[in-house]
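As provided, my_file10.txt (compact mmCIF, C-alpha atoms) reads as follows.
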```txt
# COMPACT_ATOMS: atom_id res chain seq x y z
CA MET A 1 0.00 0.00 0.00
CA PHE A 2 2.77 2.40 0.91
CA ALA A 3 4.50 1.54 -2.37
CA ILE A 4 1.34 2.56 -4.25
CA LEU A 5 1.23 5.85 -2.36
CA GLN A 6 4.87 6.47 -3.23
CA ALA A 7 4.25 5.62 -6.88
CA ALA A 8 1.23 7.95 -7.01
CA GLY A 9 3.26 10.92 -5.77
CA TRP A 10 2.26 13.85 -3.60
CA PRO A 11 -1.10 14.55 -5.36
CA ILE A 12 -2.50 11.38 -3.74
CA TRP A 13 -2.36 12.84 -0.21
CA PRO A 14 -5.28 15.28 -0.63
CA LEU A 15 -7.26 12.37 -2.07
CA MET A 16 -6.34 10.21 0.93
CA PHE A 17 -7.55 12.95 3.27
CA ALA A 18 -10.80 13.28 1.29
CA SER A 19 -11.34 9.51 1.46
CA ILE A 20 -10.89 9.45 5.26
CA VAL A 21 -13.35 12.32 5.68
CA ALA A 22 -15.85 10.65 3.34
CA VAL A 23 -15.70 7.33 5.21
CA ALA A 24 -16.12 9.10 8.56
CA LEU A 25 -19.15 11.06 7.30
CA ILE A 26 -20.76 7.97 5.78
CA ILE A 27 -20.41 6.01 9.03
CA GLU A 28 -21.71 8.95 11.09
CA ARG A 29 -24.75 9.43 8.85
CA LEU A 30 -25.50 5.69 8.76
CA LEU A 31 -25.64 5.70 12.55
CA THR A 32 -27.58 8.97 12.84
CA LEU A 33 -30.17 8.41 10.09
CA ARG A 34 -31.49 5.10 11.38
CA ARG A 35 -35.26 4.96 11.18
CA ALA A 36 -35.67 3.84 14.78
CA LYS A 37 -33.63 6.83 15.90
CA VAL A 38 -35.40 9.45 13.75
CA LEU A 39 -38.98 8.12 13.67
CA PRO A 40 -39.53 5.83 16.67
CA GLU A 41 -42.36 3.40 16.09
CA GLY A 42 -45.59 4.36 17.86
CA LEU A 43 -44.31 7.65 19.29
CA LEU A 44 -47.27 9.69 18.04
CA ASP A 45 -49.78 7.23 19.50
CA LYS A 46 -48.02 7.32 22.87
CA VAL A 47 -47.95 11.13 22.85
CA VAL A 48 -51.64 11.39 21.95
CA SER A 49 -52.59 8.82 24.58
CA GLU A 50 -50.63 10.61 27.29
CA TRP A 51 -52.04 13.99 26.25
CA ARG A 52 -55.59 12.66 26.48
CA GLN A 53 -54.98 11.15 29.90
CA SER A 54 -53.11 13.91 31.67
CA GLY A 55 -52.72 16.85 29.29
CA THR A 56 -49.38 18.54 28.76
CA SER A 57 -46.70 19.51 31.26
CA PRO A 58 -43.18 20.92 30.81
CA GLU A 59 -41.72 17.58 31.94
CA MET A 60 -43.80 15.62 29.45
CA ILE A 61 -42.96 17.99 26.60
CA ASN A 62 -39.23 17.88 27.36
CA ARG A 63 -39.31 14.09 27.58
CA VAL A 64 -40.99 13.85 24.16
CA ALA A 65 -38.51 16.33 22.65
CA MET A 66 -35.54 14.29 23.89
CA THR A 67 -36.69 11.05 22.25
CA SER A 68 -35.91 11.82 18.60
CA PRO A 69 -36.15 14.41 15.80
CA LEU A 70 -39.83 13.47 15.42
CA GLY A 71 -40.21 14.05 19.16
CA ARG A 72 -38.84 17.57 18.76
CA VAL A 73 -41.47 18.30 16.10
CA LEU A 74 -44.30 16.87 18.18
CA ALA A 75 -43.08 18.71 21.28
CA ALA A 76 -43.27 21.99 19.37
CA GLY A 77 -46.94 21.27 18.71
CA LEU A 78 -47.59 20.28 22.32
CA ARG A 79 -46.12 23.56 23.59
CA ASN A 80 -48.84 25.37 21.64
CA VAL A 81 -51.64 22.89 22.21
CA ARG A 82 -53.93 25.62 23.55
CA SER A 83 -53.17 28.01 20.70
CA PRO A 84 -55.17 28.31 17.47
CA ARG A 85 -54.50 25.80 14.73
CA ASP A 86 -52.39 28.26 12.67
CA VAL A 87 -50.10 29.08 15.58
CA MET A 88 -49.63 25.39 16.37
CA LYS A 89 -48.82 24.53 12.76
CA GLU A 90 -46.42 27.47 12.48
CA SER A 91 -44.48 26.38 15.55
CA ILE A 92 -44.28 22.84 14.18
CA GLU A 93 -43.02 24.13 10.83
CA GLU A 94 -40.32 26.27 12.47
CA THR A 95 -39.05 23.35 14.52
CA GLY A 96 -39.36 21.08 11.49
CA ARG A 97 -37.01 23.31 9.50
CA ALA A 98 -34.43 23.11 12.28
CA VAL A 99 -34.83 19.32 12.47
CA VAL A 100 -34.37 18.95 8.69
CA HIS A 101 -31.25 21.09 8.89
CA ASP A 102 -29.85 18.73 11.53
CA LEU A 103 -30.75 15.65 9.48
CA GLU A 104 -28.96 17.11 6.46
CA ARG A 105 -25.82 17.92 8.44
CA PHE A 106 -22.58 16.90 6.70
CA LEU A 107 -24.41 15.95 3.48
CA THR A 108 -23.09 19.08 1.75
CA THR A 109 -19.54 18.06 2.67
CA LEU A 110 -20.09 14.52 1.41
CA GLY A 111 -21.58 15.83 -1.84
CA THR A 112 -18.64 18.18 -2.26
CA ILE A 113 -16.16 15.31 -1.84
CA ALA A 114 -18.10 13.28 -4.41
CA SER A 115 -17.91 16.21 -6.84
CA ILE A 116 -14.29 17.27 -6.41
CA SER A 117 -12.61 13.86 -6.05
CA PRO A 118 -12.54 13.25 -9.83
CA LEU A 119 -11.17 16.77 -10.28
CA MET A 120 -8.47 16.11 -7.69
CA GLY A 121 -7.65 12.88 -9.52
CA LEU A 122 -7.51 14.81 -12.77
CA PHE A 123 -5.14 17.27 -11.15
CA GLY A 124 -2.88 14.36 -10.21
CA THR A 125 -3.09 13.17 -13.81
CA VAL A 126 -1.99 16.59 -15.04
CA VAL A 127 0.92 16.58 -12.58
CA GLY A 128 1.93 13.14 -13.83
CA MET A 129 1.78 14.26 -17.45
CA ILE A 130 3.91 17.30 -16.62
CA GLU A 131 6.50 14.99 -15.07
CA ILE A 132 6.40 12.76 -18.15
CA PHE A 133 7.04 15.63 -20.52
CA GLY A 134 9.57 17.16 -18.15
CA SER A 135 11.56 13.92 -18.17
CA GLN A 136 12.01 13.98 -21.93
CA ALA A 137 15.57 15.05 -22.65
CA PRO A 138 16.72 16.20 -26.10
CA GLY A 139 18.99 13.19 -26.42
CA GLY A 140 16.35 10.60 -25.43
CA SER A 141 13.87 9.65 -22.75
CA ASN A 142 14.39 8.49 -19.18
CA PRO A 143 12.35 5.25 -18.81
CA GLN A 144 12.34 5.41 -15.01
CA GLN A 145 11.08 8.99 -14.96
CA LEU A 146 8.57 8.15 -17.68
CA ALA A 147 7.17 5.22 -15.66
CA HIS A 148 6.96 7.39 -12.54
CA GLY A 149 4.96 10.04 -14.37
CA ILE A 150 2.56 7.45 -15.78
CA SER A 151 2.09 5.98 -12.29
CA ILE A 152 1.18 9.39 -10.88
CA ALA A 153 -1.29 9.97 -13.71
CA LEU A 154 -3.07 6.61 -13.48
CA TYR A 155 -3.11 6.10 -9.70
CA ASN A 156 -4.54 9.53 -9.02
CA THR A 157 -7.23 9.21 -11.67
CA GLY A 158 -8.28 5.80 -10.39
CA PHE A 159 -8.21 6.79 -6.74
CA GLY A 160 -10.27 9.90 -7.43
CA LEU A 161 -12.97 7.76 -9.05
CA VAL A 162 -12.83 5.19 -6.24
CA ILE A 163 -13.60 7.98 -3.76
CA ALA A 164 -16.21 9.77 -5.88
CA ILE A 165 -18.41 6.80 -6.83
CA PRO A 166 -19.32 5.52 -3.32
CA SER A 167 -19.50 9.08 -1.98
CA MET A 168 -22.06 9.99 -4.65
CA ILE A 169 -24.05 6.80 -4.03
CA PHE A 170 -24.24 7.42 -0.29
CA TRP A 171 -24.96 11.13 -0.75
CA ARG A 172 -27.97 10.35 -2.95
CA HIS A 173 -29.09 7.61 -0.54
CA PHE A 174 -28.92 9.95 2.45
CA ARG A 175 -30.74 12.71 0.58
CA ALA A 176 -33.56 10.31 -0.33
CA THR A 177 -33.67 8.99 3.25
CA VAL A 178 -33.97 12.49 4.72
CA ASP A 179 -36.67 13.43 2.20
CA GLY A 180 -38.66 10.34 3.19
CA PHE A 181 -38.29 11.14 6.89
CA VAL A 182 -39.47 14.71 6.29
CA VAL A 183 -42.63 13.53 4.53
CA GLU A 184 -43.46 11.12 7.37
CA MET A 185 -42.78 13.74 10.05
CA GLU A 186 -45.08 16.17 8.25
CA GLN A 187 -47.83 13.56 8.12
CA GLN A 188 -47.53 12.74 11.81
CA ALA A 189 -47.40 16.42 12.79
CA VAL A 190 -50.57 17.12 10.78
CA ARG A 191 -52.25 14.18 12.50
CA LEU A 192 -51.30 15.60 15.90
CA VAL A 193 -52.81 18.99 14.99
CA GLU A 194 -56.01 17.34 13.78
CA VAL A 195 -56.32 15.22 16.94
CA VAL A 196 -55.72 18.20 19.23
CA HIS A 197 -58.28 20.36 17.43
CA GLY A 198 -60.91 17.63 17.32
CA ASP A 199 -60.78 16.88 13.59
CA ARG A 200 -59.62 13.29 14.13
CA ARG A 201 -59.92 10.73 16.87
```
Show me, as C-alpha cells, the structure contained in the file I just sent.
Amino acid sequence: MFAILQAAGWPIWPLMFASIVAVALIIERLLTLRRAKVLPEGLLDKVVSEWRQSGTSPEMINRVAMTSPLGRVLAAGLRNVRSPRDVMKESIEETGRAVVHDLERFLTTLGTIASISPLMGLFGTVVGMIEIFGSQAPGGSNPQQLAHGISIALYNTGFGLVIAIPSMIFWRHFRATVDGFVVEMEQQAVRLVEVVHGDRR
C-alpha cells in the first residue's frame, strides 16, 4: 500500500484525506439516520394517549422532545396545544425546518467530496503528465522517470474515481432517506394537529 502511495506521488495525499473524511461522514450518517432513531415506532400514539390522559406539562414535553427528531417536532406542537391551529402549525413548521437542517448535516460536505474527487484525480493526472514531458531530454527519454509520471497519472485518476463513486451513491441515498423522513414527520405532525383540534380521533 505504501508503495502505491509512493508511486502515485504527492497529489495522492489530498485524495487520501478526502477519502478518510468521506468514510467518517458515511459512518456517522448511517448511525444517525437510522429509522428507529429518527422516527420511533408508535411515538405519536403514545404522545396522543398521554395527552388525552393527563394533558401537557413541561416535563412531558421535554421528555418527548428528547426522544428523537420526530419528538422535537411533536413537542413543538404540544407547547402550543392551547393556541389556534395556525399558531400550532407554524411552531411545528419552524421546529421542522431546524430538524431537517440537523438531518442534512454533513451531506453538503459529502456531496462536495463526491464532486471534487474526480477533479483532484484529474489534477494528479496533469501533474503526472507534466512529469512525463519534463523527463524527456533532447537526447532521449528516461524510462524510469517516464514510468513514474505514468504511475502518478493513473493512480490519481483511479483513486479519485474510487472515492467519488461511493461518496455519490451514499450522498444520494442519504438525501432520499432524509426526504422520506421529512414527509413522514409532516404527516404525523398534521395528524397531531387534527387530533388536538378535534378533527380526528
* So which residues fall inside 8 Å of (-23.6, 10.2, 7.1) if we count only C-alpha atoms? Mind giving them as number ranges by chain? -> A: 24-33, 106-107, 110, 170, 174
- Have a look at CA of Glu50 in chain A and CA of Pro84 in chain A and let me know their distance in Å, one decimal.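 CA of Glu50 in chain A sits 20.7 Å away from CA of Pro84 in chain A.
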**OP:** Tell me, in Å to one decimal, how far CA of Val48 in chain A is from CA of Val87 in chain A.
**Re:**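 These two atoms are separated by 18.9 Å.
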Figure out the distance between CA of Ala22 in chain A and CA of Ala164 in chain A, please, to one decimal in Å.
->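 Distance between the two atoms: 9.3 Å.
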(-47.7, 19.6, 17.0) in this file's frame - what residues fall within 9 Å of it? Use only C-alpha atoms and give the answer as a CSV table (one decimal) with C-alpha atoms, in the frame of the given file.
```
chain,number,residue,atom,x,y,z
A,73,VAL,CA,-41.5,18.3,16.1
A,74,LEU,CA,-44.3,16.9,18.2
A,75,ALA,CA,-43.1,18.7,21.3
A,76,ALA,CA,-43.3,22.0,19.4
A,77,GLY,CA,-46.9,21.3,18.7
A,78,LEU,CA,-47.6,20.3,22.3
A,79,ARG,CA,-46.1,23.6,23.6
A,80,ASN,CA,-48.8,25.4,21.6
A,81,VAL,CA,-51.6,22.9,22.2
A,88,MET,CA,-49.6,25.4,16.4
A,89,LYS,CA,-48.8,24.5,12.8
A,91,SER,CA,-44.5,26.4,15.6
A,92,ILE,CA,-44.3,22.8,14.2
A,93,GLU,CA,-43.0,24.1,10.8
A,188,GLN,CA,-47.5,12.7,11.8
A,189,ALA,CA,-47.4,16.4,12.8
A,190,VAL,CA,-50.6,17.1,10.8
A,191,ARG,CA,-52.2,14.2,12.5
A,192,LEU,CA,-51.3,15.6,15.9
A,193,VAL,CA,-52.8,19.0,15.0
A,196,VAL,CA,-55.7,18.2,19.2
```
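Each of A:Glu94, A:Asp45, A:Asp102, A:Glu59 was compared to Glu186 in chain A using only C-alpha atoms, and A:Glu94 turns out to be the nearest.
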Of A:Gln144, A:Ser117, A:Ser167, A:Gln187, the one sitting nearest Trp13 in chain A when using all atoms listed in the file is A:Ser117
- Query: Taking into account only C-alpha atoms, which residue in the set A:Ser68, A:Pro143, A:Gly158, A:Ala98 is nearest to Phe123 in chain A?
  - Reply: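 Among the listed residues, the smallest separation from Phe123 in chain A belongs to A:Gly158.
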Can you sort out range 161-172 of chain A so it carries all heavy atoms, written as a short mmCIF file (atom, residue, chain, number, x, y, z; two decimals), keeping the file's coordinate frame?
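Saved the output as part-v5.cif:
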```cif
data_model
loop_
_atom_site.label_atom_id
_atom_site.label_comp_id
_atom_site.auth_asym_id
_atom_site.auth_seq_id
_atom_site.Cartn_x
_atom_site.Cartn_y
_atom_site.Cartn_z
N LEU A 161 -11.70 8.40 -8.71
CA LEU A 161 -12.97 7.76 -9.05
C LEU A 161 -13.43 6.81 -7.95
O LEU A 161 -14.62 6.72 -7.65
CB LEU A 161 -12.83 7.00 -10.38
CG LEU A 161 -12.60 7.88 -11.61
CD1 LEU A 161 -12.35 7.00 -12.83
CD2 LEU A 161 -13.79 8.80 -11.85
N VAL A 162 -12.49 6.11 -7.33
CA VAL A 162 -12.83 5.19 -6.24
C VAL A 162 -13.46 5.95 -5.07
O VAL A 162 -14.36 5.44 -4.39
CB VAL A 162 -11.57 4.41 -5.77
CG1 VAL A 162 -11.81 3.73 -4.43
CG2 VAL A 162 -11.16 3.40 -6.82
N ILE A 163 -13.02 7.16 -4.83
CA ILE A 163 -13.60 7.98 -3.76
C ILE A 163 -14.95 8.55 -4.19
O ILE A 163 -15.92 8.54 -3.44
CB ILE A 163 -12.66 9.14 -3.38
CG1 ILE A 163 -11.35 8.59 -2.81
CG2 ILE A 163 -13.31 10.08 -2.37
CD1 ILE A 163 -10.27 9.63 -2.65
N ALA A 164 -15.02 9.04 -5.43
CA ALA A 164 -16.21 9.77 -5.88
C ALA A 164 -17.43 8.86 -6.02
O ALA A 164 -18.55 9.26 -5.65
CB ALA A 164 -15.92 10.45 -7.22
N ILE A 165 -17.25 7.65 -6.53
CA ILE A 165 -18.41 6.80 -6.83
C ILE A 165 -19.17 6.42 -5.56
O ILE A 165 -20.39 6.67 -5.46
CB ILE A 165 -17.97 5.56 -7.64
CG1 ILE A 165 -17.52 6.00 -9.04
CG2 ILE A 165 -19.10 4.55 -7.74
CD1 ILE A 165 -16.83 4.91 -9.83
N PRO A 166 -18.53 5.83 -4.53
CA PRO A 166 -19.32 5.52 -3.32
C PRO A 166 -19.82 6.76 -2.60
O PRO A 166 -20.91 6.75 -2.01
CB PRO A 166 -18.36 4.72 -2.45
CG PRO A 166 -17.01 4.88 -3.04
CD PRO A 166 -17.18 5.29 -4.45
N SER A 167 -19.04 7.85 -2.64
CA SER A 167 -19.50 9.08 -1.98
C SER A 167 -20.78 9.59 -2.63
O SER A 167 -21.71 10.00 -1.93
CB SER A 167 -18.41 10.16 -2.06
OG SER A 167 -17.26 9.78 -1.35
N MET A 168 -20.85 9.55 -3.95
CA MET A 168 -22.06 9.99 -4.65
C MET A 168 -23.23 9.07 -4.35
O MET A 168 -24.37 9.53 -4.13
CB MET A 168 -21.80 10.04 -6.16
CG MET A 168 -22.98 10.48 -6.99
SD MET A 168 -23.54 12.17 -6.59
CE MET A 168 -22.19 13.12 -7.30
N ILE A 169 -22.97 7.75 -4.32
CA ILE A 169 -24.05 6.80 -4.03
C ILE A 169 -24.63 7.06 -2.64
O ILE A 169 -25.85 7.14 -2.46
CB ILE A 169 -23.53 5.35 -4.14
CG1 ILE A 169 -23.23 4.99 -5.60
CG2 ILE A 169 -24.54 4.36 -3.55
CD1 ILE A 169 -22.51 3.68 -5.78
N PHE A 170 -23.75 7.19 -1.65
CA PHE A 170 -24.24 7.42 -0.29
C PHE A 170 -24.87 8.79 -0.15
O PHE A 170 -25.84 8.95 0.61
CB PHE A 170 -23.10 7.24 0.73
CG PHE A 170 -22.86 5.82 1.11
CD1 PHE A 170 -21.79 5.11 0.58
CD2 PHE A 170 -23.71 5.17 1.99
CE1 PHE A 170 -21.56 3.79 0.94
CE2 PHE A 170 -23.50 3.85 2.35
CZ PHE A 170 -22.43 3.15 1.82
N TRP A 171 -24.36 9.80 -0.83
CA TRP A 171 -24.96 11.13 -0.75
C TRP A 171 -26.40 11.10 -1.26
O TRP A 171 -27.31 11.63 -0.61
CB TRP A 171 -24.14 12.13 -1.57
CG TRP A 171 -24.72 13.51 -1.59
CD1 TRP A 171 -24.69 14.44 -0.60
CD2 TRP A 171 -25.47 14.11 -2.67
NE1 TRP A 171 -25.36 15.58 -0.99
CE2 TRP A 171 -25.83 15.41 -2.25
CE3 TRP A 171 -25.83 13.68 -3.94
CZ2 TRP A 171 -26.56 16.27 -3.06
CZ3 TRP A 171 -26.55 14.54 -4.75
CH2 TRP A 171 -26.91 15.82 -4.31
N ARG A 172 -26.60 10.45 -2.40
CA ARG A 172 -27.97 10.35 -2.95
C ARG A 172 -28.86 9.51 -2.03
O ARG A 172 -30.04 9.82 -1.85
CB ARG A 172 -27.93 9.76 -4.36
CG ARG A 172 -27.28 10.69 -5.39
CD ARG A 172 -27.32 10.09 -6.78
NE ARG A 172 -28.69 10.01 -7.27
CZ ARG A 172 -29.33 11.00 -7.88
NH1 ARG A 172 -28.72 12.16 -8.08
NH2 ARG A 172 -30.56 10.83 -8.32
#
```
